[in-house]
Structure formats: structure tokens, C-alpha cells
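Q: This is the content of structure_11.cif (mmCIF, C-alpha atoms and all ligand atoms):
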data_target
loop_
_atom_site.label_atom_id
_atom_site.label_comp_id
_atom_site.auth_asym_id
_atom_site.auth_seq_id
_atom_site.Cartn_x
_atom_site.Cartn_y
_atom_site.Cartn_z
CA MET A 1 -93.73 236.92 40.35
CA VAL A 2 -97.27 235.65 40.09
CA LYS A 3 -96.05 233.02 37.70
CA ARG A 4 -93.26 231.94 40.05
CA GLN A 5 -95.69 231.68 42.96
CA GLU A 6 -98.03 229.67 40.77
CA THR A 7 -95.15 227.36 39.80
CA ARG A 8 -94.09 227.00 43.44
CA ARG A 9 -97.65 226.21 44.47
CA ARG A 10 -97.91 223.62 41.74
CA THR A 11 -94.59 222.05 42.75
CA HIS A 12 -95.78 222.01 46.37
CA ARG A 13 -99.08 220.37 45.38
CA ARG A 14 -97.24 217.76 43.32
CA ARG A 15 -94.94 216.93 46.26
CA LEU A 16 -97.90 216.72 48.62
CA PHE A 17 -99.69 214.39 46.21
CA ALA A 18 -96.59 212.20 45.86
CA LEU A 19 -96.28 212.00 49.67
CA VAL A 20 -99.94 211.01 50.08
CA ALA A 21 -99.60 208.38 47.34
CA LEU A 22 -96.44 206.99 48.98
CA ALA A 23 -98.19 206.83 52.37
CA LEU A 24 -101.11 204.92 50.79
CA VAL A 25 -98.75 202.41 49.15
CA VAL A 26 -96.88 201.86 52.44
CA ALA A 27 -100.17 201.45 54.32
CA ALA A 28 -101.40 198.91 51.78
CA ALA A 29 -98.12 196.97 51.93
CA VAL A 30 -98.27 196.89 55.76
CA ALA A 31 -101.89 195.71 55.63
CA VAL A 32 -100.95 192.91 53.23
CA GLU A 33 -98.08 191.75 55.48
CA ILE A 34 -100.26 191.82 58.60
CA LEU A 35 -103.01 189.85 56.89
CA GLN A 36 -100.61 187.32 55.36
CA PRO A 37 -100.45 184.80 58.27
CA TRP A 38 -104.20 184.94 58.63
CA ARG A 39 -104.73 184.42 54.91
CA ALA A 40 -102.26 181.53 54.69
CA GLY A 41 -104.08 179.79 57.54
CA SER A 42 -102.61 176.90 59.47
CA PRO A 43 -103.82 173.38 58.76
CA PRO A 44 -106.43 172.29 61.27
CA ALA A 45 -105.58 169.46 63.60
CA ALA A 46 -106.02 165.94 62.27
CA GLY A 47 -109.63 164.94 62.32
CA ALA A 48 -110.74 168.53 62.70
CA PRO A 49 -114.44 169.14 62.18
CA SER A 50 -115.47 170.19 58.72
CA GLY A 51 -116.44 173.71 57.83
CA SER A 52 -113.23 175.53 57.07
CA SER A 53 -112.65 176.33 53.42
CA SER A 54 -108.92 176.88 53.73
CA PRO A 55 -107.05 174.03 52.00
CA ALA A 56 -104.59 172.40 54.38
CA GLY A 57 -100.94 172.10 53.66
CA LEU A 58 -100.87 174.08 50.46
CA SER A 59 -97.29 175.08 49.96
CA PRO A 60 -97.25 178.70 48.78
CA THR A 61 -94.45 177.85 46.41
CA GLY A 62 -94.66 175.02 43.95
CA PRO A 63 -91.56 173.51 42.38
CA GLY A 64 -89.56 176.11 40.53
CA ARG A 65 -91.65 178.99 41.74
CA SER A 66 -90.33 182.08 43.41
CA ALA A 67 -91.15 182.64 47.04
CA SER A 68 -92.46 186.13 46.42
CA PRO A 69 -95.44 187.15 48.56
CA SER A 70 -97.45 187.87 45.42
CA SER A 71 -97.34 184.24 44.27
CA ALA A 72 -98.31 183.09 47.78
CA ARG A 73 -101.32 185.36 47.80
CA SER A 74 -102.47 184.46 44.32
CA VAL A 75 -102.96 180.80 45.26
CA SER A 76 -105.03 181.68 48.30
CA PRO A 77 -108.70 180.81 48.06
CA SER A 78 -110.59 183.62 46.39
CA SER A 79 -113.32 183.38 49.01
CA SER A 80 -110.98 184.80 51.63
CA ALA A 81 -110.22 187.95 49.67
CA GLY A 82 -109.80 190.57 52.34
CA PRO A 83 -109.62 194.32 52.39
CA SER A 84 -106.14 194.16 50.89
CA SER A 85 -107.35 192.52 47.69
CA SER A 86 -107.62 195.80 45.80
CA SER A 87 -103.93 196.50 46.34
CA ARG A 88 -102.90 193.07 45.06
CA PRO A 89 -100.84 192.90 41.90
CA THR A 90 -102.51 191.21 38.98
CA PRO A 91 -101.60 187.50 39.15
CA SER A 92 -99.74 186.01 36.21
CA PRO A 93 -101.98 184.00 33.83
CA SER A 94 -100.61 180.67 35.12
CA LEU A 95 -101.88 181.47 38.62
CA ILE A 96 -105.32 182.76 37.71
CA ALA A 97 -107.27 179.61 38.68
CA ALA A 98 -108.90 180.24 42.06
CA ALA A 99 -109.36 177.59 44.72
CA PRO A 100 -112.83 176.06 44.75
CA PRO A 101 -114.59 175.74 48.14
CA ILE A 102 -112.98 172.90 50.10
CA VAL A 103 -114.33 171.32 53.28
CA GLN A 104 -111.62 170.17 55.71
CA ASP A 105 -112.30 166.65 56.95
CA LEU A 106 -108.75 165.42 57.51
CA VAL A 107 -108.14 161.79 58.46
CA PRO A 108 -105.89 161.12 61.49
CA TYR A 109 -102.33 161.44 60.20
CA GLY A 110 -100.13 161.92 63.27
CA PRO A 111 -96.44 161.12 63.86
CA GLN A 112 -97.03 157.34 63.80
CA ARG A 113 -98.74 157.32 60.40
CA LYS A 114 -96.18 159.79 59.05
CA ALA A 115 -93.37 157.46 60.22
CA GLU A 116 -95.15 154.57 58.46
CA MET A 117 -95.34 156.67 55.27
CA ALA A 118 -91.66 157.59 55.51
CA ALA A 119 -90.72 153.93 55.95
CA TYR A 120 -92.93 152.93 52.99
CA SER A 121 -91.22 155.65 50.91
CA GLY A 122 -87.82 154.32 51.93
CA ARG A 123 -88.68 150.78 50.83
CA HIS A 124 -90.44 151.69 47.59
CA PHE A 125 -88.83 154.96 46.48
CA GLY A 126 -85.42 154.90 48.20
CA GLU A 127 -86.10 158.09 50.14
CA ALA A 128 -87.50 157.76 53.68
CA THR A 129 -89.70 160.83 53.95
CA TRP A 130 -93.43 161.54 54.19
CA VAL A 131 -93.07 165.03 52.72
CA LEU A 132 -94.82 165.57 49.39
CA HIS A 133 -93.74 168.04 46.72
CA PRO A 134 -96.58 167.56 44.21
CA GLN A 135 -95.62 167.02 40.56
CA ALA A 136 -98.58 164.97 39.36
CA ILE A 137 -102.32 164.45 39.93
CA VAL A 138 -103.94 161.01 39.81
CA LEU A 139 -107.71 160.68 39.35
CA HIS A 140 -109.62 157.82 40.99
CA TYR A 141 -113.12 156.82 41.95
CA THR A 142 -113.98 155.41 45.34
CA ALA A 143 -115.86 152.24 44.36
CA THR A 144 -118.15 153.17 47.25
CA SER A 145 -121.63 154.66 47.08
CA THR A 146 -121.03 157.30 49.76
CA TYR A 147 -118.42 159.81 50.83
CA ALA A 148 -118.64 158.56 54.43
CA ALA A 149 -117.59 155.04 53.44
CA ALA A 150 -114.52 156.31 51.58
CA HIS A 151 -113.56 158.64 54.44
CA HIS A 152 -113.92 155.77 56.92
CA THR A 153 -111.58 153.59 54.86
CA PHE A 154 -108.97 156.34 54.61
CA ALA A 155 -109.21 157.11 58.34
CA SER A 156 -108.91 153.46 59.39
CA ASN A 157 -105.22 153.15 58.47
CA ALA A 158 -105.64 149.44 57.87
CA PRO A 159 -102.69 147.70 56.16
CA ALA A 160 -102.92 147.53 52.35
CA LEU A 161 -101.07 144.75 50.48
CA GLY A 162 -99.60 143.88 53.86
CA GLU A 163 -98.01 147.26 54.46
CA LEU A 164 -98.72 150.42 56.42
CA PRO A 165 -99.84 153.15 56.26
CA GLY A 166 -103.32 152.43 54.96
CA VAL A 167 -104.59 153.90 51.70
CA ALA A 168 -105.87 157.47 51.44
CA ALA A 169 -106.22 160.24 48.87
CA HIS A 170 -105.85 163.98 49.39
CA PHE A 171 -109.37 164.85 48.21
CA VAL A 172 -112.73 163.13 47.83
CA ILE A 173 -115.41 164.80 45.68
CA ASP A 174 -118.95 163.82 46.64
CA GLU A 175 -121.68 163.27 44.05
CA ASN A 176 -123.19 166.69 44.90
CA GLY A 177 -119.87 168.46 44.15
CA THR A 178 -118.69 168.95 47.74
CA ILE A 179 -114.90 168.66 47.91
CA TYR A 180 -113.57 167.12 51.13
CA GLN A 181 -109.86 167.32 51.92
CA GLN A 182 -108.53 164.18 53.65
CA VAL A 183 -104.76 164.75 53.81
CA PRO A 184 -102.68 167.97 53.74
CA LEU A 185 -101.01 168.64 50.40
CA ASP A 186 -97.50 168.46 51.82
CA VAL A 187 -98.06 164.91 53.11
CA ARG A 188 -97.67 161.75 50.99
CA CYS A 189 -100.42 159.17 51.07
CA ARG A 190 -100.97 155.80 49.40
CA HIS A 191 -103.38 156.05 46.47
CA ALA A 192 -101.32 154.97 43.44
CA ILE A 193 -98.39 152.55 43.60
CA GLY A 194 -95.20 154.05 42.17
CA LEU A 195 -96.47 157.64 42.23
CA ASP A 196 -97.19 158.32 45.88
CA TRP A 197 -93.80 160.05 46.24
CA CYS A 198 -94.94 162.89 43.93
CA ALA A 199 -98.69 162.71 43.26
CA ILE A 200 -101.83 164.30 44.66
CA GLY A 201 -104.75 161.84 44.73
CA ILE A 202 -108.32 162.88 43.91
CA GLU A 203 -111.22 160.46 44.38
CA PHE A 204 -114.72 160.89 42.92
CA VAL A 205 -117.48 159.16 44.88
CA GLN A 206 -118.72 156.50 42.47
CA PRO A 207 -119.63 152.82 42.94
CA ALA A 208 -117.77 150.32 40.76
CA GLY A 209 -121.07 149.06 39.29
CA SER A 210 -120.74 147.70 35.76
CA GLY A 211 -117.03 148.45 35.36
CA PRO A 212 -114.58 151.34 34.83
CA THR A 213 -116.02 152.77 31.59
CA TRP A 214 -119.54 152.77 32.99
CA ALA A 215 -118.36 154.21 36.33
CA VAL A 216 -116.52 157.16 34.79
CA ALA A 217 -119.50 157.86 32.51
CA GLN A 218 -121.64 158.23 35.65
CA ILE A 219 -119.22 160.87 36.97
CA PHE A 220 -119.46 162.78 33.66
CA SER A 221 -123.24 162.69 33.96
CA ARG A 222 -123.16 164.58 37.30
CA ALA A 223 -122.49 168.23 36.38
CA ARG A 224 -121.78 169.45 39.90
CA GLN A 225 -119.35 166.65 40.76
CA LEU A 226 -117.56 166.98 37.43
CA ASP A 227 -117.39 170.78 37.71
CA ALA A 228 -115.90 170.55 41.21
CA GLY A 229 -113.25 168.16 39.85
CA LEU A 230 -112.41 170.47 36.95
CA ARG A 231 -112.03 173.46 39.27
CA LEU A 232 -109.96 171.54 41.82
CA VAL A 233 -107.56 170.21 39.18
CA ALA A 234 -107.22 173.62 37.46
CA TRP A 235 -106.37 175.23 40.79
CA LEU A 236 -103.86 172.53 41.83
CA GLU A 237 -102.13 172.63 38.43
CA ALA A 238 -101.76 176.41 38.72
CA ALA A 239 -100.74 176.40 42.38
CA TYR A 240 -98.00 173.78 41.97
CA GLY A 241 -97.03 174.36 38.34
CA ILE A 242 -98.10 170.79 37.47
CA ASP A 243 -97.84 170.06 33.76
CA ALA A 244 -101.07 168.92 32.11
CA THR A 245 -99.31 165.73 30.93
CA ASN A 246 -98.93 164.76 34.60
CA LEU A 247 -102.69 164.79 35.16
CA ILE A 248 -103.40 161.09 34.75
CA GLY A 249 -105.84 158.38 35.78
CA HIS A 250 -105.04 155.50 38.12
CA ALA A 251 -105.26 153.11 35.14
CA MET A 252 -102.40 155.07 33.49
CA ALA A 253 -100.09 155.13 36.55
CA ASN A 254 -97.75 152.27 35.52
CA ASP A 255 -96.92 154.09 32.26
CA SER A 256 -96.13 157.47 33.84
CA PRO A 257 -92.53 158.69 33.38
CA LEU A 258 -92.65 159.53 37.11
CA PHE A 259 -93.48 155.92 38.09
CA LYS A 260 -90.94 154.13 40.28
CA ASP A 261 -91.08 151.25 42.73
CA LEU A 262 -87.91 149.59 44.02
CA LEU A 263 -89.78 146.41 44.99
CA GLY A 264 -91.29 145.93 41.53
CA TRP A 265 -94.88 146.65 42.59
CA HIS A 266 -97.39 147.70 39.92
CA ASN A 267 -100.97 148.94 39.89
CA ASP A 268 -103.78 146.66 38.78
CA HIS A 269 -106.51 149.32 39.00
CA GLN A 270 -108.62 150.28 36.00
CA ASP A 271 -110.13 153.55 37.27
CA TRP A 272 -109.76 156.52 34.87
CA ASN A 273 -108.07 155.20 31.72
CA ALA A 274 -106.45 157.40 29.06
CA ALA A 275 -109.71 157.95 27.15
CA ALA A 276 -111.50 159.08 30.32
CA VAL A 277 -108.70 161.49 31.24
CA ALA A 278 -108.65 162.88 27.68
CA ARG A 279 -112.37 163.58 28.03
CA PHE A 280 -111.73 165.27 31.40
CA LYS A 281 -109.05 167.49 29.84
CA GLN A 282 -111.41 168.49 27.03
CA ALA A 283 -113.98 169.48 29.66
CA MET A 284 -111.28 171.54 31.41
CA VAL A 285 -110.61 173.48 28.21
CA ARG A 286 -114.33 174.11 27.73
CA ALA A 287 -114.68 175.26 31.36
CA GLU A 288 -111.91 177.87 31.03
ZN ZN B 301 -107.68 154.36 42.08
#
Please lay out the structure from this file as C-alpha cells.

A:
Amino acid sequence: MVKRQETRRRTHRRRLFALVALALVVAAAVAVEILQPWRAGSPPAAGAPSGSSSPAGLSPTGPGRSASPSSARSVSPSSSAGPSSSSRPTPSPSLIAAAPPIVQDLVPYGPQRKAEMAAYSGRHFGEATWVLHPQAIVLHYTATSTYAAAHHTFASNAPALGELPGVAAHFVIDENGTIYQQVPLDVRCRHAIGLDWCAIGIEFVQPAGSGPTWAVAQIFSRARQLDAGLRLVAWLEAAYGIDATNLIGHAMANDSPLFKDLLGWHNDHQDWNAAAVARFKQAMVRAE
């Protein structure tokens, strides 16, 4: 009798514990869903003032990725980890890279510029759309001595090689390591002929000076700028499932298997050659 009561009490306690545990799991799941829109963040309006650290236009699902909420959360910037972070599932190793701090300083890219980009895509790639699904990353340097000068050029939307829209890259990394986003990641922009249909562009602030080899060596000599670049690339590769072989320099663009231009255009830029990119990749491995 005593034994049976004891057993019943134990069974009751076990059920109570299971109920409490279930309630906690449900509460955590609800909290995660409620916080999701806030965590994802909407891209600020074009030309929005800087200060936000939420990258604009990051698609939660890269090519070939599932649309599960867990993968969307794991590419969110780590700085925004909210109260729900403890209930998050452990991200898969390929998604571990966290977003570095990113300052939003988007150039004007309204319907007119998007239409210009779609028309450019139609002429050069045979597909009239401005929508970007990133598959590659192209490294550049600005050939300017300041971030402001590069941003001004990208914002001006002046014709390049006689065509609109004007040139721009998605990110510019200042000499002090500050990363400024210029264009949302789901929008194409002109930074590398033949690859703008599929490539994210990253510019390092660096004057042209004594030539490409010298210029890239200057970037490697600035630890904070280099480190910001390594972290940005690691995060983008993880977020979009971009293969390391598709991290290239502008000087390598014509030889990329992803290169295409229906009008026969080619790049004549020498920024970031194969040796420089190989050195960057070695630094990425060391930084892991
Ligand atoms: Zn370039």
C-alpha cells in the first residue's frame, strides 16, 4: 500500500515535471516566433543615417538552404542576441560565423536605379532583373584615400562606360575597420563586369598609389581593416553557402567560371590578383 502510494506519487511528480517542461518549451518557441520579425529587421530606407548594425537585405536562405527558422536565426548578427538565444538550437558548423558589426549607409537605390540595373542585366546577362542571389564575392579597393569619396561616387549614379546605373559595391571597409553597407544584399550593383548578376562586391579603402601589389600590401598592413574583411567574408560565405573558390579578386573576374557578358565586355582592373586573394584566404584560415 505504502509502496503503491509512493509509486503513484512518483508517477504524478514525473507527469507534473513533463508538463512543466512542455510548457517551458512552448513558451520559448512562442518567444522565438514573436521576436523573429524584430530580429530579421527590415532594411532601412535608402540613404538612411548610419548607426544600425543590422545588415540590409540579407536573405535568410542562401541558395540550396532550407527555409527553417533555425537557419534564419543563425545568420542573424550575434550582437542582437535576445532573451531567446538560450533556447536556440546549436547552429550547424557551416553557419557558425557571426556577422561583424556593420554600419548602414545605403546609397540611393530607388525604383529608377533598380530599373536601370534590370535593363543592364537584360543587355549583359540576358535576364532583366535587379534581384541578386549571391554566389560569389569579389574583392576590390577603392583607389580613393577616404571612405567618404568612395561613398560619394557610389551614391552619384553617374554613367559608367556609357551605361547606367553607376558603379557601386555592397560594402566598403574603412582603414580603421569600420564596415559600411552601401547596397542591400538582394540588390545587384555594378562592381565587376560579367559577375554583377551573382556577386557581392567588397571594397577596401585604399589609394591606388604605386600599383596593385603595393596597394594590397597596404591593406594587409592594417590589422583592423584586414580583420574586418576576414570576418565579413567568413560571415557572407556561411550565410549564403558561397564556395571558397568563388571568393575572388577583381583582377581574377574574367577567368571566373561564373563570368558572362553577352556584349563581350571584359574587366581591365588589376585590384586583388590571385596571389593577393590566396594570401587573404590563408589569413582567413589563421583567423578561424
Ligand atoms: Zn575593383

Q: Report the distance between atom CA of Pro207 of chain A and atom CA of Leu226 of chain A in Å, rounded to one decimal place.

A: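 Those two atoms sit 15.3 Å apart.
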
Q: Residues near His266 of chain A, anyone? I mean within 8 Å using only C-alpha atoms, not counting same-chain ones fewer than 6 positions away, as a list of chain:residue names.

A: A:Ile193, A:Gly194, A:Asn254

Q: If I take atom CA of Leu262 of chain A and atom CA of Leu132 of chain A, how far is one from the other in Å, to one decimal?

A: 18.2 Å

Q: Produce as number ranges by chain the set of residues near ligand ZN 301 (chain B), where near means within 6 Å with all atoms listed in the file considered.

A: A: 140-141, 250, 271

Q: Go ahead and compute the interatomic distance for atom CA of Gly57 of chain A and atom CA of Gln270 of chain A, in Å to one decimal.

A: 29.1 Å

Q: Measuring atom to atom with all atoms listed in the file, identify which of A:Thr144, A:Pro55, A:Phe125, A:Leu247 is nearest to His170 of chain A.

A: A:Pro55

Q: Rank nothing, just name the residue among A:His269, A:Gln206, A:Ile200, A:Ala148 nearest to Gln218 of chain A, using all atoms listed in the file.

A: A:Gln206

Q: Can you work out which one of A:Gly162, A:Gly249, A:Gly229, A:Gly264 has the shortest atom-to-atom distance to Ala283 of chain A, counting all atoms listed in the file?

A: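 That would be A:Gly229, the residue with the smallest distance to Ala283 of chain A.
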
Q: Pick out the closest residue to Cys198 of chain A from this set: A:Asp186, A:Tyr109, A:Ala287, A:Glu237. Count only C-alpha atoms.

A: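 Nearest to Cys198 of chain A: A:Asp186.
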
Q: Between A:Ile242, A:Val285, A:Val187, A:Val205, which one has atoms that come closest to Ser121 of chain A, using only C-alpha atoms?

A: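 For Ser121 of chain A, the nearest of the given residues is A:Val187.
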
Q: Might you pull out every residue within 6 Å of segment 149-155 of chain A, with only C-alpha atoms counted and same-chain residues fewer than 3 positions away left off, and present them as a list in words?

A: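 Listed by chain and then number, they are Val107, Thr146, Val167 and Ala168 of chain A.
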
Q: Select, from A:Trp272, A:Phe280, A:Trp130, A:Phe204, the residue with the minimum atom-to-atom distance to Arg190 of chain A, counting only C-alpha atoms.

A: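 That would be A:Trp130, the residue with the smallest distance to Arg190 of chain A.
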
Q: Which residues are near Ala274 of chain A? Cut-off 9 Å, only C-alpha atoms, ignore same chain within fewer than 5 positions. Put them as a ChimeraX atom specification.

A: /A:248-249,251-252,279

Q: Keeping only C-alpha atoms, take the residues you just selected and write them out as a PDB file, in the frame of the given file.

A:
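Output (again.pdb):
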ATOM      1  CA  ILE A 248    -103.400 161.090  34.750  1.00  0.00           C
ATOM      2  CA  GLY A 249    -105.840 158.380  35.780  1.00  0.00           C
ATOM      3  CA  ALA A 251    -105.260 153.110  35.140  1.00  0.00           C
ATOM      4  CA  MET A 252    -102.400 155.070  33.490  1.00  0.00           C
ATOM      5  CA  ARG A 279    -112.370 163.580  28.030  1.00  0.00           C
TER       6      ARG A 279
END
